[in-house]
$ cat entry_0.cif   # mmCIF, C-alpha atoms
data_data
#
loop_
_atom_site.label_atom_id
_atom_site.label_comp_id
_atom_site.auth_asym_id
_atom_site.auth_seq_id
_atom_site.Cartn_x
_atom_site.Cartn_y
_atom_site.Cartn_z
CA MET A 1 19.34 9.82 22.66
CA PRO A 2 17.69 13.15 21.72
CA GLU A 3 14.08 13.68 22.68
CA LEU A 4 11.51 13.18 19.95
CA ARG A 5 9.34 16.29 19.69
CA PHE A 6 6.59 17.06 17.23
CA ASP A 7 6.39 20.85 17.01
CA ASP A 8 5.57 21.46 13.34
CA GLY A 9 1.83 20.91 13.01
CA ALA A 10 1.76 21.30 9.24
CA ALA A 11 4.57 18.80 8.67
CA TYR A 12 2.96 16.38 11.11
CA GLU A 13 -0.31 16.69 9.20
CA GLN A 14 1.34 15.60 5.95
CA MET A 15 3.42 12.87 7.55
CA MET A 16 1.22 11.39 10.30
CA GLY A 17 -2.12 13.20 10.38
CA VAL A 18 -3.46 11.23 7.41
CA TRP A 19 -2.39 7.95 9.00
CA SER A 20 -3.86 8.96 12.36
CA ARG A 21 -7.26 9.77 10.90
CA SER A 22 -7.38 6.48 8.99
CA VAL A 23 -6.87 4.56 12.23
CA GLY A 24 -9.04 6.98 14.21
CA GLU A 25 -12.06 6.41 12.00
CA VAL A 26 -11.91 2.65 12.57
CA PHE A 27 -11.21 3.24 16.27
CA LEU A 28 -14.33 5.37 16.77
CA ASP A 29 -16.47 2.93 14.78
CA TRP A 30 -15.23 0.20 17.11
CA LEU A 31 -15.82 2.21 20.30
CA LYS A 32 -19.37 3.17 19.29
CA PRO A 33 -19.43 6.04 21.81
CA ALA A 34 -22.65 7.77 22.76
CA GLN A 35 -23.38 11.16 21.23
CA GLY A 36 -23.33 14.39 23.21
CA GLN A 37 -20.55 13.45 25.62
CA ARG A 38 -17.71 15.41 27.20
CA TRP A 39 -14.34 14.35 25.75
CA ILE A 40 -10.68 14.91 26.53
CA ASP A 41 -8.10 14.15 23.84
CA VAL A 42 -4.74 13.79 25.60
CA GLY A 43 -1.68 14.30 23.41
CA CYS A 44 -3.97 15.78 20.78
CA GLY A 45 -1.05 17.10 18.71
CA ASN A 46 -2.27 19.07 15.73
CA GLY A 47 -5.89 18.05 16.27
CA ALA A 48 -6.18 15.27 13.68
CA PHE A 49 -8.10 12.96 16.02
CA THR A 50 -9.87 15.81 17.83
CA GLU A 51 -11.42 16.75 14.51
CA LEU A 52 -12.78 13.22 14.12
CA ILE A 53 -14.43 13.36 17.55
CA LEU A 54 -16.20 16.56 16.56
CA ALA A 55 -17.25 15.19 13.17
CA ARG A 56 -18.51 11.83 14.37
CA CYS A 57 -19.59 12.10 18.00
CA THR A 58 -21.52 15.39 18.32
CA PRO A 59 -19.70 16.05 21.60
CA ALA A 60 -20.96 18.42 24.26
CA ASP A 61 -17.37 19.46 24.95
CA VAL A 62 -13.90 18.55 23.68
CA GLN A 63 -10.68 19.50 25.43
CA GLY A 64 -7.37 18.92 23.64
CA ILE A 65 -4.17 18.69 25.69
CA ASP A 66 -0.63 18.59 24.29
CA PRO A 67 2.85 19.74 25.42
CA SER A 68 3.63 21.38 22.05
CA GLU A 69 2.31 24.89 21.50
CA GLY A 70 3.41 24.58 17.87
CA GLN A 71 1.11 21.62 17.35
CA LEU A 72 -1.74 23.29 19.22
CA ALA A 73 -1.40 26.42 17.09
CA PHE A 74 -2.06 24.27 14.02
CA ALA A 75 -4.97 22.51 15.75
CA ARG A 76 -6.66 25.84 16.41
CA THR A 77 -6.64 26.61 12.66
CA ARG A 78 -8.54 23.46 11.70
CA PRO A 79 -12.00 24.36 10.44
CA GLY A 80 -13.24 20.97 11.64
CA ALA A 81 -11.85 21.53 15.12
CA ARG A 82 -13.89 24.63 15.89
CA GLY A 83 -15.70 24.02 19.14
CA ALA A 84 -12.75 22.26 20.75
CA ALA A 85 -10.59 24.00 23.35
CA PHE A 86 -6.83 23.42 23.16
CA GLN A 87 -4.26 24.05 25.86
CA THR A 88 -0.78 22.94 26.78
CA GLY A 89 -0.62 20.27 29.43
CA ASP A 90 1.07 17.17 30.75
CA ALA A 91 -0.47 13.73 30.19
CA MET A 92 0.76 12.70 33.65
CA ALA A 93 -0.89 15.68 35.41
CA LEU A 94 -4.03 16.71 33.57
CA PRO A 95 -5.32 20.19 34.45
CA PHE A 96 -8.88 19.11 35.24
CA PRO A 97 -10.79 17.98 38.33
CA ALA A 98 -11.83 14.37 38.81
CA ALA A 99 -14.88 13.12 36.89
CA SER A 100 -14.82 16.04 34.41
CA PHE A 101 -15.39 13.94 31.28
CA ASP A 102 -17.41 11.06 29.87
CA ALA A 103 -14.59 9.84 27.62
CA ALA A 104 -10.79 10.16 27.82
CA VAL A 105 -8.69 9.12 24.83
CA MET A 106 -5.07 9.15 23.64
CA ALA A 107 -4.21 8.78 19.96
CA LEU A 108 -0.68 7.60 19.06
CA VAL A 109 0.76 9.02 22.27
CA LEU A 110 1.56 6.41 24.90
CA VAL A 111 5.08 5.48 23.73
CA PHE A 112 6.19 9.10 24.21
CA VAL A 113 4.96 9.49 27.80
CA PRO A 114 7.70 9.08 30.44
CA ASP A 115 5.37 7.20 32.80
CA ALA A 116 2.64 5.43 30.85
CA ALA A 117 0.99 4.00 33.96
CA LYS A 118 0.68 7.48 35.45
CA SER A 119 -0.90 8.84 32.30
CA VAL A 120 -3.46 6.02 32.23
CA SER A 121 -4.30 6.69 35.88
CA GLU A 122 -4.85 10.34 34.96
CA LEU A 123 -7.24 9.34 32.17
CA VAL A 124 -9.17 7.27 34.71
CA ARG A 125 -9.17 10.09 37.26
CA VAL A 126 -10.71 12.68 34.95
CA VAL A 127 -13.57 10.50 33.67
CA ARG A 128 -16.81 9.99 35.55
CA PRO A 129 -17.74 6.61 37.00
CA GLY A 130 -18.76 4.44 34.05
CA GLY A 131 -16.74 6.66 31.71
CA LEU A 132 -14.75 5.45 28.71
CA VAL A 133 -10.93 5.29 28.67
CA ALA A 134 -9.31 4.27 25.38
CA THR A 135 -6.20 4.55 23.24
CA TYR A 136 -4.66 3.41 20.00
CA MET A 137 -0.92 3.12 19.38
CA TRP A 138 1.15 1.90 16.46
CA ASP A 139 2.53 -1.61 16.92
CA MET A 140 6.04 -0.22 17.32
CA THR A 141 7.77 -3.52 18.07
CA GLY A 142 5.88 -5.72 15.60
CA GLY A 143 6.47 -3.88 12.34
CA GLY A 144 3.28 -1.81 12.35
CA PHE A 145 4.79 1.69 12.30
CA PRO A 146 4.22 3.61 9.02
CA LEU A 147 7.86 4.73 8.90
CA ASP A 148 9.34 1.25 9.27
CA PRO A 149 10.38 0.93 5.59
CA ILE A 150 12.65 3.95 6.04
CA LEU A 151 13.76 3.26 9.60
CA ASP A 152 14.65 -0.37 8.85
CA GLU A 153 16.87 0.62 5.94
CA MET A 154 18.51 3.41 7.93
CA ARG A 155 19.46 0.94 10.63
CA ALA A 156 20.73 -1.51 8.00
CA MET A 157 23.09 1.25 6.85
CA GLY A 158 24.37 1.72 10.39
CA LEU A 159 22.42 4.93 10.99
CA SER A 160 20.66 5.71 14.26
CA PRO A 161 17.28 7.37 13.77
CA THR A 162 15.64 8.53 16.98
CA ARG A 163 13.00 6.15 18.24
CA PRO A 164 10.17 6.72 20.74
CA PRO A 165 11.52 6.09 24.25
CA HIS A 166 8.98 3.47 25.34
CA MET A 167 8.07 1.37 22.32
CA GLU A 168 7.43 -1.65 24.53
CA VAL A 169 4.18 -0.14 25.81
CA SER A 170 2.62 -0.45 22.35
CA THR A 171 2.05 -4.22 22.61
CA LEU A 172 -1.43 -5.48 23.33
CA ALA A 173 -0.11 -7.30 26.39
CA ALA A 174 1.35 -4.08 27.80
CA LEU A 175 -1.83 -2.12 27.10
CA LYS A 176 -3.94 -4.77 28.81
CA GLY A 177 -1.62 -4.59 31.80
CA PHE A 178 -2.00 -0.82 32.12
CA TRP A 179 -5.78 -0.93 31.77
CA SER A 180 -6.12 -3.75 34.29
CA ALA A 181 -3.76 -2.12 36.78
CA ALA A 182 -5.77 1.10 36.56
CA GLY A 183 -8.86 -0.78 37.68
CA LEU A 184 -10.74 -0.47 34.41
CA GLN A 185 -13.50 -2.91 33.57
CA ARG A 186 -15.05 -4.29 30.37
CA ILE A 187 -11.65 -4.14 28.72
CA ALA A 188 -11.62 -4.83 24.98
CA THR A 189 -8.77 -4.82 22.45
CA ARG A 190 -8.32 -5.06 18.72
CA GLU A 191 -5.77 -4.59 15.97
CA ILE A 192 -6.43 -1.96 13.31
CA THR A 193 -4.70 -2.23 9.93
CA VAL A 194 -4.87 0.69 7.51
CA GLN A 195 -3.38 1.55 4.14
CA ARG A 196 -2.24 4.74 2.49
CA THR A 197 -1.53 5.23 -1.21
CA PHE A 198 1.09 7.67 -2.51
CA ARG A 199 1.03 8.76 -6.13
CA ASP A 200 4.69 7.76 -6.58
CA PHE A 201 7.88 7.13 -4.63
CA ASP A 202 8.81 10.81 -4.59
CA GLU A 203 5.62 11.67 -2.75
CA PHE A 204 6.19 8.84 -0.29
CA TRP A 205 9.75 9.99 0.37
CA ASN A 206 8.94 13.70 0.67
CA VAL A 207 6.07 13.05 3.09
CA GLU A 208 7.43 10.26 5.25
CA THR A 209 10.86 11.82 5.81
CA LYS A 210 9.35 14.87 7.54
CA ALA A 211 9.35 12.93 10.81
CA PRO A 212 11.61 14.24 13.59
CA SER A 213 12.98 10.69 13.92
CA THR A 214 14.37 10.75 10.38
CA ALA A 215 14.64 14.33 9.09
CA PRO A 216 17.68 15.46 11.15
CA VAL A 217 19.61 12.27 10.37
CA ILE A 218 18.91 12.49 6.65
CA ALA A 219 19.76 16.21 6.59
CA ALA A 220 23.21 15.40 8.00
CA MET A 221 23.97 12.59 5.54
CA PRO A 222 26.22 13.00 2.48
CA ALA A 223 24.21 13.27 -0.72
CA ALA A 224 25.50 9.92 -1.97
CA ASP A 225 24.32 8.19 1.19
CA VAL A 226 20.88 9.79 0.89
CA THR A 227 20.66 8.49 -2.67
CA GLY A 228 21.67 5.05 -1.46
CA LEU A 229 19.05 5.11 1.27
CA MET A 230 16.38 6.17 -1.20
CA GLN A 231 17.33 3.31 -3.51
CA ARG A 232 17.15 0.80 -0.66
CA VAL A 233 13.74 2.01 0.47
CA LYS A 234 12.38 2.15 -3.06
CA ALA A 235 13.48 -1.43 -3.69
CA ARG A 236 11.33 -2.75 -0.84
CA LEU A 237 8.18 -0.86 -1.87
CA ALA A 238 6.04 -2.34 -4.63
CA ALA A 239 4.55 0.12 -7.12
CA ASP A 240 1.47 -0.51 -9.24
CA PRO A 241 1.54 -0.03 -13.05
CA HIS A 242 0.87 3.68 -12.54
CA GLY A 243 3.76 4.08 -10.10
CA ARG A 244 1.53 4.40 -7.04
CA ILE A 245 2.78 2.94 -3.78
CA THR A 246 0.41 1.54 -1.17
CA CYS A 247 1.74 1.08 2.35
CA SER A 248 0.16 -0.62 5.35
CA ALA A 249 0.41 0.15 9.05
CA ARG A 250 -1.01 -1.55 12.12
CA ALA A 251 -2.17 -0.14 15.44
CA HIS A 252 -3.24 -1.68 18.72
CA ALA A 253 -6.40 -0.34 20.35
CA ILE A 254 -7.80 -0.81 23.84
CA SER A 255 -10.85 0.46 25.69
CA GLY A 256 -12.25 0.07 29.17
CA ARG A 257 -14.77 1.56 31.57
CA LYS A 258 -14.21 3.19 34.93
CA PRO A 259 -16.11 1.26 37.61
CA ASP A 260 -19.49 2.79 38.55
#
$ encode --input "entry_0.cif" --output "structure tokens"
Amino acid sequence: MPELRFDDGAAYEQMMGVWSRSVGEVFLDWLKPAQGQRWIDVGCGNGAFTELILARCTPADVQGIDPSEGQLAFARTRPGARGAAFQTGDAMALPFPAASFDAAVMALVLVFVPDAAKSVSELVRVVRPGGLVATYMWDMTGGGFPLDPILDEMRAMGLSPTRPPHMEVSTLAALKGFWSAAGLQRIATREITVQRTFRDFDEFWNVETKAPSTAPVIAAMPAADVTGLMQRVKARLAADPHGRITCSARAHAISGRKPD
């Protein structure tokens, strides 16, 4: 199966950045972090969640780490992300000494990491004693992913869209296991459900098919099959009297503290 890579920051912003911020706002309200802290945003992508940290948490420092220079290039153009430093890096080998941060977070990342346990241990390593370690991830196995209406119909047509390699780590049980195994304390979890409204089906289709899991498959399909897929997806999405379509998605969130 080909590797899923997110290298187009602008396309990601249209497709997933809006969703990520919707969940991220609820996530930060739930965490209630102290102001003026040192943050690391691992797998920061195009900076959608990094921008929220800066807007809501008055951080002393924010470091964004991601393997995609294309995504980071977009992050550096965000007016709301000024003050953050972005660099390429590996979630399983963070380029910082131990106890460098007060809070370490990952937003919609864990299912893409080859060794999730190693990445969680790295989050723990780089926070100070008593520091915060937290993540949120779409419920990939329970129908919470924003692209499920398209992906489900593609599979029903016998197509094979690329899926994240480790969807099983998105369950609350798996997240609790990682946080416990890493020695974190005061572990808390919650589900976060968000909605997004598109002005019509065309906007939904044009935005949500920018994903690297769907775009290459759809680009290779005969035009008649694309039309058929669009009809199938449209049939399962309810529109209001003005043609607007409101979709829901669900994420799992977890937080814990490094022992003092």
$ closest_residue --input "entry_0.cif" --among "A:Arg56, A:Arg76, A:Arg155, A:Arg128" --to "Val233 of chain A" --atoms "all atoms listed in the file"
A:Arg155
$ closest_residue --input "entry_0.cif" --among "A:Leu31, A:Ala219, A:Val207, A:Cys44" --to "Met15 of chain A" --atoms "only C-alpha atoms"
A:Val207
$ residues_around --input "entry_0.cif" --residues "Pro97 of chain A" --least-positions-apart "4" --cutoff "12 Å" --atoms "only C-alpha atoms" --output "MDAnalysis selection string"
chainID A and resid 93 101 122:128
$ resolve_selection --input "entry_0.cif" --expression "the PyMOL selection byres ((chain A and resi 198) around 6)" --output "CSV table (one decimal) with C-alpha atoms, in the coordinates of the input"
chain,number,residue,atom,x,y,z
A,197,THR,CA,-1.5,5.2,-1.2
A,199,ARG,CA,1.0,8.8,-6.1
A,200,ASP,CA,4.7,7.8,-6.6
A,204,PHE,CA,6.2,8.8,-0.3
A,244,ARG,CA,1.5,4.4,-7.0
A,245,ILE,CA,2.8,2.9,-3.8
$ resolve_selection --input "entry_0.cif" --expression "the PyMOL selection byres ((chain A and resi 39) around 8)" --output "ChimeraX atom specification"
/A:37-38,40-41,59-63,101-105
$ write_last_selection --input "entry_0.cif" --atoms "C-alpha atoms" --output "PDB file, in the coordinates of the input"
ATOM      1  CA  GLN A  37     -20.550  13.450  25.620  1.00  0.00           C
ATOM      2  CA  ARG A  38     -17.710  15.410  27.200  1.00  0.00           C
ATOM      3  CA  ILE A  40     -10.680  14.910  26.530  1.00  0.00           C
ATOM      4  CA  ASP A  41      -8.100  14.150  23.840  1.00  0.00           C
ATOM      5  CA  PRO A  59     -19.700  16.050  21.600  1.00  0.00           C
ATOM      6  CA  ALA A  60     -20.960  18.420  24.260  1.00  0.00           C
ATOM      7  CA  ASP A  61     -17.370  19.460  24.950  1.00  0.00           C
ATOM      8  CA  VAL A  62     -13.900  18.550  23.680  1.00  0.00           C
ATOM      9  CA  GLN A  63     -10.680  19.500  25.430  1.00  0.00           C
ATOM     10  CA  PHE A 101     -15.390  13.940  31.280  1.00  0.00           C
ATOM     11  CA  ASP A 102     -17.410  11.060  29.870  1.00  0.00           C
ATOM     12  CA  ALA A 103     -14.590   9.840  27.620  1.00  0.00           C
ATOM     13  CA  ALA A 104     -10.790  10.160  27.820  1.00  0.00           C
ATOM     14  CA  VAL A 105      -8.690   9.120  24.830  1.00  0.00           C
TER      15      VAL A 105
END
$ axis_aligned_box --input "entry_0.cif" --around "segment 144-149 of chain A" --padding-each-side "3 Å" --output "lines of an AutoDock Vina configuration file"
center_x = 6.8
center_y = 1.5
center_z = 9.0
size_x = 13.1
size_y = 12.5
size_z = 12.8
$ closest_residue --input "entry_0.cif" --among "A:Ser119, A:Ser100, A:Thr58, A:Thr214" --to "Asp152 of chain A" --atoms "all atoms listed in the file"
A:Thr214
$ closest_residue --input "entry_0.cif" --among "A:Gln71, A:Ser180, A:Thr50, A:Ser160" --to "Ser20 of chain A" --atoms "all atoms listed in the file"
A:Thr50
$ resolve_selection --input "entry_0.cif" --expression "the PyMOL selection byres ((chain A and resi 254) around 8)" --output "PyMOL selection string"
chain A and resi 134-136+172+175-176+187-190+252-253+255-256
$ residues_around --input "entry_0.cif" --residues "Ala181 of chain A" --least-positions-apart "4" --cutoff "9 Å" --atoms "all atoms listed in the file" --output "number ranges by chain"
A: 117, 121, 176-177
$ residues_around --input "entry_0.cif" --residues "Leu159 of chain A" --least-positions-apart "5" --cutoff "12 Å" --atoms "all atoms listed in the file" --output "PyMOL selection string"
chain A and resi 150-154+213-214+216-218+220-221+225-226+229
$ closest_residue --input "entry_0.cif" --among "A:Ala34, A:Ala224, A:Leu72, A:Val133" --to "Gly183 of chain A" --atoms "only C-alpha atoms"
A:Val133
$ build_atoms --input "entry_0.cif" --residues "segment 74-105 of chain A" --atoms "N, CA and C atoms" --output "compact mmCIF listing (two decimals), keeping the file's coordinate frame"
# COMPACT_ATOMS: atom_id res chain seq x y z
N PHE A 74 -1.50 24.83 15.25
CA PHE A 74 -2.06 24.27 14.02
C PHE A 74 -3.46 23.74 14.29
N ALA A 75 -3.65 23.06 15.42
CA ALA A 75 -4.97 22.51 15.75
C ALA A 75 -6.03 23.59 15.78
N ARG A 76 -5.67 24.75 16.29
CA ARG A 76 -6.66 25.84 16.41
C ARG A 76 -7.07 26.40 15.05
N THR A 77 -6.29 26.12 14.00
CA THR A 77 -6.64 26.61 12.66
C THR A 77 -7.52 25.63 11.90
N ARG A 78 -7.74 24.45 12.42
CA ARG A 78 -8.54 23.46 11.70
C ARG A 78 -10.01 23.88 11.67
N PRO A 79 -10.57 24.03 10.48
CA PRO A 79 -12.00 24.36 10.44
C PRO A 79 -12.86 23.31 11.15
N GLY A 80 -12.46 22.04 11.02
CA GLY A 80 -13.24 20.97 11.64
C GLY A 80 -13.05 20.83 13.13
N ALA A 81 -12.11 21.61 13.69
CA ALA A 81 -11.85 21.53 15.12
C ALA A 81 -12.46 22.70 15.89
N ARG A 82 -13.21 23.53 15.19
CA ARG A 82 -13.89 24.63 15.89
C ARG A 82 -14.86 24.02 16.90
N GLY A 83 -14.87 24.58 18.08
CA GLY A 83 -15.70 24.02 19.14
C GLY A 83 -14.88 23.26 20.16
N ALA A 84 -13.66 22.88 19.79
CA ALA A 84 -12.75 22.26 20.75
C ALA A 84 -11.90 23.34 21.41
N ALA A 85 -11.50 23.10 22.64
CA ALA A 85 -10.59 24.00 23.35
C ALA A 85 -9.24 23.30 23.47
N PHE A 86 -8.17 24.00 23.13
CA PHE A 86 -6.83 23.42 23.16
C PHE A 86 -5.96 24.17 24.15
N GLN A 87 -5.20 23.43 24.93
CA GLN A 87 -4.26 24.05 25.86
C GLN A 87 -3.07 23.13 26.09
N THR A 88 -1.94 23.74 26.45
CA THR A 88 -0.78 22.94 26.78
C THR A 88 -1.01 22.23 28.11
N GLY A 89 -0.46 21.04 28.22
CA GLY A 89 -0.62 20.27 29.43
C GLY A 89 0.19 19.00 29.39
N ASP A 90 0.26 18.36 30.54
CA ASP A 90 1.07 17.17 30.75
C ASP A 90 0.14 15.97 30.91
N ALA A 91 0.37 14.92 30.12
CA ALA A 91 -0.47 13.73 30.19
C ALA A 91 -0.43 13.07 31.56
N MET A 92 0.63 13.33 32.32
CA MET A 92 0.76 12.70 33.65
C MET A 92 0.21 13.58 34.77
N ALA A 93 -0.30 14.77 34.41
CA ALA A 93 -0.89 15.68 35.41
C ALA A 93 -1.91 16.56 34.70
N LEU A 94 -3.04 15.99 34.36
CA LEU A 94 -4.03 16.71 33.57
C LEU A 94 -4.67 17.85 34.37
N PRO A 95 -4.85 19.00 33.73
CA PRO A 95 -5.32 20.19 34.45
C PRO A 95 -6.84 20.26 34.60
N PHE A 96 -7.44 19.16 35.07
CA PHE A 96 -8.88 19.11 35.24
C PHE A 96 -9.22 18.37 36.52
N PRO A 97 -10.35 18.72 37.14
CA PRO A 97 -10.79 17.98 38.33
C PRO A 97 -11.22 16.56 37.98
N ALA A 98 -11.35 15.74 38.99
CA ALA A 98 -11.83 14.37 38.81
C ALA A 98 -13.24 14.39 38.22
N ALA A 99 -13.53 13.36 37.44
CA ALA A 99 -14.88 13.12 36.89
C ALA A 99 -15.37 14.28 36.01
N SER A 100 -14.45 14.92 35.27
CA SER A 100 -14.82 16.04 34.41
C SER A 100 -15.35 15.61 33.04
N PHE A 101 -15.09 14.37 32.64
CA PHE A 101 -15.39 13.94 31.28
C PHE A 101 -16.11 12.60 31.25
N ASP A 102 -16.79 12.36 30.12
CA ASP A 102 -17.41 11.06 29.87
C ASP A 102 -16.45 10.11 29.16
N ALA A 103 -15.51 10.67 28.40
CA ALA A 103 -14.59 9.84 27.62
C ALA A 103 -13.22 10.49 27.60
N ALA A 104 -12.18 9.70 27.86
CA ALA A 104 -10.79 10.16 27.82
C ALA A 104 -10.02 9.27 26.85
N VAL A 105 -9.37 9.89 25.86
CA VAL A 105 -8.69 9.12 24.83
C VAL A 105 -7.28 9.66 24.60
